[in-house]
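Down below is the structure, laid out as structure tokens.
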Amino acid sequence: MTAIALSIAGTDPTSGAGIQADLKTFSALGVYGATVITALVAQNTCGVRAIHDVPADFVAAEMDAVFSDLAVGATKIGMLSKPEVIETVAEGLTRWEPGPVVLDPVMVAASGDPLIADEAVTSLRERLFPLSAVITPNLMEAARLLDEEPADNSDTMLRQAQALADFGAGAVLLKGGHGNGDEAADLLWFEGEAHWFSAPRIDTKNTHGTGCTLSSAIAAGLANGLGLPEAVDAAKAYVHNAIVNADLLEIGKGHGPVHHFYRQWRNG
């Protein structure tokens with residue numbers, strides 16, 4: 001049977017992040033991708049210009065259309081900017097069989113522009129964390145979710161990951177890509193154990209869509225039957241190489257995208 005992963009997220013018309021990046025990632029990793037669009041985002045490599053939220057009842061119709069027809073093996077959730085859409089997605093996940101859910105609590109774009117309303121943060125924690133196999137916040141997102149300062153060392157990362165797990169998610173992957181040092185270290189808190197995944201930090205401005213890409217790569221691994229630690233390990237390696245090869249592309253005037261198809265394209 002063909003492995004299928006679903007992305008529930010917003011768009012990026014320049015295709016470096018959001019739904020478009022998720023589809024690229026699924027395809028690059030041999031998984032058929034389906035989508036439910038939650039917001040139309042007018043953004044590019046330089047920043048976000050406008051957000052148009054998709055009505056909640058239409059999001060529900062999208063979910064029903066996908067799940068009633070496709071055997072979804074895993075679901076990735078990205079940008080959900082309004083409480084009513086979060087509630088609708090939560091209801092859809094309980095109504096259908098979404099497979100393991102990877103929730104990327106997208107809050108701020110790489111440009112620094114906010115992508116979620118303040119009132120939606122609580123809804124995200126309370127309604128979707130308990131339905132998720134793993135959540136994948138970066139250091140800033142974890143700090144906002146916990147109303148703390150961003151972690152600046154491994155001990156604080158561990159404490160924050162454990163605190164986030166207390167909201168009901170099956171596991172927490174706390175991403176350290178925005179930290180300091182020569183290594184970009186991510187922490188997976190899973191089944192009461194800490195798993196660290198590290199890769200050399202790459203000196204490039206072209207990191208647009210890394211969070212979307214990592215979470216969708218994890219979903220692809222889960223759809224292909226990998227266990228969670230193995231899916232995270234494979235996704236970390238994929239994203240690292242996509243960043244290593246990002247400068248082969250010349251896309252946009254700001255933070256360009258990672259190279260999703262570095263394995264498939266002969267040249268940049």
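Chains: A, B, ... in order of the structure tokens. Residues: from 1 per chain. Ligands: from 1, in order shown.
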
Can you pull out the residues contacting Leu146 (chain A)? Cut-off 12 Å, using only C-alpha atoms, and skip same-chain residues under 5 positions away; I want them as a PyMOL selection string. chain A and resi 121-122+125+137+139-141+151+157+159-167

Store the residues picked out above, limited to N, CA and C atoms, as a compact mmCIF listing (two decimals), in the first residue's frame.
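The file below, selection-v8.txt, is the result:
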# COMPACT_ATOMS: atom_id res chain seq x y z
N VAL A 121 -2.99 30.31 21.42
CA VAL A 121 -1.92 29.52 22.05
C VAL A 121 -2.50 28.57 23.09
N THR A 122 -3.41 29.07 23.93
CA THR A 122 -4.03 28.21 24.94
C THR A 122 -4.84 27.10 24.30
N ARG A 125 -2.55 24.33 23.07
CA ARG A 125 -2.07 23.49 24.18
C ARG A 125 -3.15 22.53 24.67
N PRO A 137 8.21 22.04 18.99
CA PRO A 137 8.50 23.47 19.13
C PRO A 137 9.99 23.78 19.05
N LEU A 139 13.01 26.66 20.31
CA LEU A 139 13.27 27.23 21.63
C LEU A 139 12.35 28.41 21.95
N MET A 140 12.08 29.26 20.95
CA MET A 140 11.21 30.42 21.19
C MET A 140 9.76 29.99 21.38
N GLU A 141 9.32 29.01 20.59
CA GLU A 141 7.95 28.54 20.71
C GLU A 141 7.72 27.86 22.05
N ALA A 151 15.25 28.50 26.46
CA ALA A 151 16.31 27.71 27.07
C ALA A 151 17.65 28.05 26.43
N MET A 157 16.58 22.94 28.55
CA MET A 157 15.84 22.28 27.47
C MET A 157 15.12 21.04 27.99
N ARG A 159 14.18 20.36 31.08
CA ARG A 159 13.09 20.73 31.98
C ARG A 159 11.89 21.25 31.20
N GLN A 160 12.13 22.07 30.18
CA GLN A 160 11.03 22.61 29.39
C GLN A 160 10.34 21.52 28.57
N ALA A 161 11.10 20.58 28.03
CA ALA A 161 10.50 19.48 27.28
C ALA A 161 9.59 18.65 28.19
N GLN A 162 10.04 18.39 29.40
CA GLN A 162 9.23 17.64 30.35
C GLN A 162 7.97 18.42 30.73
N ALA A 163 8.11 19.74 30.89
CA ALA A 163 6.95 20.57 31.24
C ALA A 163 5.94 20.58 30.11
N LEU A 164 6.40 20.63 28.87
CA LEU A 164 5.49 20.60 27.73
C LEU A 164 4.79 19.25 27.62
N ALA A 165 5.51 18.18 27.93
CA ALA A 165 4.90 16.84 27.88
C ALA A 165 3.76 16.73 28.88
N ASP A 166 3.81 17.50 29.95
CA ASP A 166 2.76 17.45 30.97
C ASP A 166 1.42 17.95 30.43
N PHE A 167 1.42 18.63 29.29
CA PHE A 167 0.15 19.07 28.68
C PHE A 167 -0.53 17.94 27.92

Find the residues around region 182-191 of chain A up to 6 Å (only C-alpha atoms counted), leave out those fewer than 3 positions away in its own chain, and share them as number ranges by chain. A: 171-177, 194-201

Any chance you could export the current selection's N, CA, C and O atoms as an mmCIF file, in the first residue's frame?
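What ended up in out.cif:
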data_model
loop_
_atom_site.group_PDB
_atom_site.id
_atom_site.type_symbol
_atom_site.label_atom_id
_atom_site.label_comp_id
_atom_site.auth_asym_id
_atom_site.auth_seq_id
_atom_site.Cartn_x
_atom_site.Cartn_y
_atom_site.Cartn_z
ATOM 1 N N ALA A 171 4.983 12.848 23.064
ATOM 2 C CA ALA A 171 6.420 13.128 23.115
ATOM 3 C C ALA A 171 6.640 14.582 22.745
ATOM 4 O O ALA A 171 5.764 15.244 22.170
ATOM 5 N N VAL A 172 7.820 15.086 23.085
ATOM 6 C CA VAL A 172 8.194 16.463 22.755
ATOM 7 C C VAL A 172 9.562 16.448 22.088
ATOM 8 O O VAL A 172 10.516 15.875 22.625
ATOM 9 N N LEU A 173 9.646 17.056 20.909
ATOM 10 C CA LEU A 173 10.930 17.281 20.262
ATOM 11 C C LEU A 173 11.223 18.777 20.355
ATOM 12 O O LEU A 173 10.616 19.580 19.651
ATOM 13 N N LEU A 174 12.136 19.137 21.243
ATOM 14 C CA LEU A 174 12.505 20.542 21.432
ATOM 15 C C LEU A 174 13.705 20.833 20.542
ATOM 16 O O LEU A 174 14.789 20.281 20.741
ATOM 17 N N LYS A 175 13.497 21.695 19.550
ATOM 18 C CA LYS A 175 14.503 21.946 18.525
ATOM 19 C C LYS A 175 15.467 23.045 18.951
ATOM 20 O O LYS A 175 15.039 24.129 19.329
ATOM 21 N N GLY A 176 16.764 22.754 18.875
ATOM 22 C CA GLY A 176 17.767 23.707 19.319
ATOM 23 C C GLY A 176 18.453 24.457 18.207
ATOM 24 O O GLY A 176 19.514 25.051 18.421
ATOM 25 N N GLY A 177 17.854 24.482 17.033
ATOM 26 C CA GLY A 177 18.489 25.137 15.894
ATOM 27 C C GLY A 177 18.720 26.619 16.076
ATOM 28 O O GLY A 177 19.613 27.202 15.459
ATOM 29 N N ALA A 194 15.337 10.825 27.554
ATOM 30 C CA ALA A 194 15.833 11.908 26.707
ATOM 31 C C ALA A 194 16.695 11.326 25.591
ATOM 32 O O ALA A 194 17.614 10.545 25.848
ATOM 33 N N HIS A 195 16.379 11.706 24.362
ATOM 34 C CA HIS A 195 17.161 11.305 23.195
ATOM 35 C C HIS A 195 17.679 12.583 22.540
ATOM 36 O O HIS A 195 16.890 13.459 22.182
ATOM 37 N N TRP A 196 18.986 12.683 22.382
ATOM 38 C CA TRP A 196 19.579 13.872 21.771
ATOM 39 C C TRP A 196 19.979 13.577 20.328
ATOM 40 O O TRP A 196 20.526 12.521 20.032
ATOM 41 N N PHE A 197 19.685 14.529 19.444
ATOM 42 C CA PHE A 197 20.052 14.431 18.033
ATOM 43 C C PHE A 197 20.831 15.691 17.680
ATOM 44 O O PHE A 197 20.318 16.801 17.825
ATOM 45 N N SER A 198 22.060 15.517 17.228
ATOM 46 C CA SER A 198 22.925 16.666 16.993
ATOM 47 C C SER A 198 23.508 16.629 15.591
ATOM 48 O O SER A 198 23.761 15.555 15.026
ATOM 49 N N ALA A 199 23.719 17.806 15.032
ATOM 50 C CA ALA A 199 24.354 17.941 13.722
ATOM 51 C C ALA A 199 25.120 19.258 13.704
ATOM 52 O O ALA A 199 24.749 20.211 14.405
ATOM 53 N N PRO A 200 26.196 19.339 12.941
ATOM 54 C CA PRO A 200 26.955 20.593 12.868
ATOM 55 C C PRO A 200 26.075 21.752 12.391
ATOM 56 O O PRO A 200 25.262 21.579 11.476
ATOM 57 N N ARG A 201 26.230 22.907 13.020
ATOM 58 C CA ARG A 201 25.478 24.082 12.615
ATOM 59 C C ARG A 201 26.028 24.603 11.289
ATOM 60 O O ARG A 201 27.245 24.700 11.101
#

Listing only residues of region 82-198 of chain A within 9 Å of region 49-60 of chain A, what is the closest atom pair and its distance in Å (to one decimal) for each, using only C-alpha atoms, sorted by chain and residue number ascending, as CSV?
residue,atom,partner,partner_atom,distance
A:Lys82,CA,A:Asp53,CA,7.9
A:Glu84,CA,A:Ala56,CA,6.3
A:Val85,CA,A:Ala56,CA,5.0
A:Ile86,CA,A:Ala56,CA,8.5
A:Glu87,CA,A:Ala56,CA,8.6
A:Thr88,CA,A:Ala56,CA,6.2
A:Val89,CA,A:Ala60,CA,7.0
A:Glu91,CA,A:Ala60,CA,8.5
A:Gly92,CA,A:Ala60,CA,6.6
A:Asp113,CA,A:Arg49,CA,8.9
A:Leu115,CA,A:Ile51,CA,8.1

Separating CA of Ala219 (chain A) from CA of Lys76 (chain A), to the nearest tenth of an Å, is a gap of 5.9 Å

I'd like the neighbourhood of Val232 (chain A) as a count of residues only, where a residue qualifies if any of its atoms comes within 9 Å (using only C-alpha atoms), though same-chain residues fewer than 4 positions away should be ignored. 12

Region 66-72 of chain A environment, 7 Å, only C-alpha atoms, sequence neighbours closer than 3 positions dropped, as a ChimeraX atom specification: /A:4-6,62-63,96,98-99

Do a neighbour search on Val31 (chain A) at 8 Å with only C-alpha atoms, toss out local chain neighbours closer than 6 positions, and write the hits as a PyMOL selection string. chain A and resi 2-5+220+223-224

Would you save the residues from that selection as a PDB file, in the first residue's frame, using all heavy atoms?
ATOM      1  N   THR A   2       0.465   2.231  -0.755  1.00  0.00           N
ATOM      2  CA  THR A   2       1.203   3.487  -0.830  1.00  0.00           C
ATOM      3  C   THR A   2       1.114   4.243   0.484  1.00  0.00           C
ATOM      4  O   THR A   2       0.028   4.443   1.032  1.00  0.00           O
ATOM      5  CB  THR A   2       0.639   4.375  -1.959  1.00  0.00           C
ATOM      6  OG1 THR A   2       0.716   3.664  -3.188  1.00  0.00           O
ATOM      7  CG2 THR A   2       1.416   5.676  -2.076  1.00  0.00           C
ATOM      8  N   ALA A   3       2.265   4.658   1.008  1.00  0.00           N
ATOM      9  CA  ALA A   3       2.285   5.445   2.237  1.00  0.00           C
ATOM     10  C   ALA A   3       1.749   6.843   1.956  1.00  0.00           C
ATOM     11  O   ALA A   3       2.161   7.496   0.988  1.00  0.00           O
ATOM     12  CB  ALA A   3       3.699   5.524   2.788  1.00  0.00           C
ATOM     13  N   ILE A   4       0.839   7.314   2.813  1.00  0.00           N
ATOM     14  CA  ILE A   4       0.211   8.627   2.646  1.00  0.00           C
ATOM     15  C   ILE A   4       0.388   9.428   3.927  1.00  0.00           C
ATOM     16  O   ILE A   4       0.163   8.922   5.026  1.00  0.00           O
ATOM     17  CB  ILE A   4      -1.293   8.501   2.331  1.00  0.00           C
ATOM     18  CG1 ILE A   4      -1.516   7.708   1.037  1.00  0.00           C
ATOM     19  CG2 ILE A   4      -1.949   9.878   2.234  1.00  0.00           C
ATOM     20  CD1 ILE A   4      -2.982   7.400   0.756  1.00  0.00           C
ATOM     21  N   ALA A   5       0.801  10.675   3.780  1.00  0.00           N
ATOM     22  CA  ALA A   5       0.869  11.605   4.904  1.00  0.00           C
ATOM     23  C   ALA A   5       0.027  12.829   4.571  1.00  0.00           C
ATOM     24  O   ALA A   5      -0.032  13.268   3.415  1.00  0.00           O
ATOM     25  CB  ALA A   5       2.305  12.012   5.202  1.00  0.00           C
ATOM     26  N   ALA A 220       6.514  11.785   7.534  1.00  0.00           N
ATOM     27  CA  ALA A 220       6.799  10.853   6.435  1.00  0.00           C
ATOM     28  C   ALA A 220       7.407   9.565   6.969  1.00  0.00           C
ATOM     29  O   ALA A 220       7.045   8.458   6.544  1.00  0.00           O
ATOM     30  CB  ALA A 220       7.736  11.507   5.427  1.00  0.00           C
ATOM     31  N   ALA A 223       4.673   7.559   8.610  1.00  0.00           N
ATOM     32  CA  ALA A 223       3.801   6.966   7.588  1.00  0.00           C
ATOM     33  C   ALA A 223       4.466   5.765   6.932  1.00  0.00           C
ATOM     34  O   ALA A 223       3.785   4.823   6.498  1.00  0.00           O
ATOM     35  CB  ALA A 223       3.440   8.007   6.532  1.00  0.00           C
ATOM     36  N   ASN A 224       5.785   5.784   6.881  1.00  0.00           N
ATOM     37  CA  ASN A 224       6.537   4.663   6.304  1.00  0.00           C
ATOM     38  C   ASN A 224       6.796   3.548   7.312  1.00  0.00           C
ATOM     39  O   ASN A 224       7.502   2.588   7.004  1.00  0.00           O
ATOM     40  CB  ASN A 224       7.871   5.166   5.745  1.00  0.00           C
ATOM     41  CG  ASN A 224       7.748   5.631   4.305  1.00  0.00           C
ATOM     42  OD1 ASN A 224       7.010   5.037   3.518  1.00  0.00           O
ATOM     43  ND2 ASN A 224       8.466   6.696   3.951  1.00  0.00           N
TER      44      ASN A 224
END

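In this model, the gap between CA of Ala42 (chain A) and CA of Thr204 (chain A) comes to 24.1 Å.
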
So that I can see what lies close to region 105-107 of chain A, please list as an MDAnalysis selection string the residues with an atom at most 10 Å from it, counting only C-alpha atoms and leaving out residues fewer than 3 positions away in the same chain. chainID A and resid 9:10 18 77:81 102 110 112:118 120:121 124:125 128:129 135:138 140:142 144:145 211:212
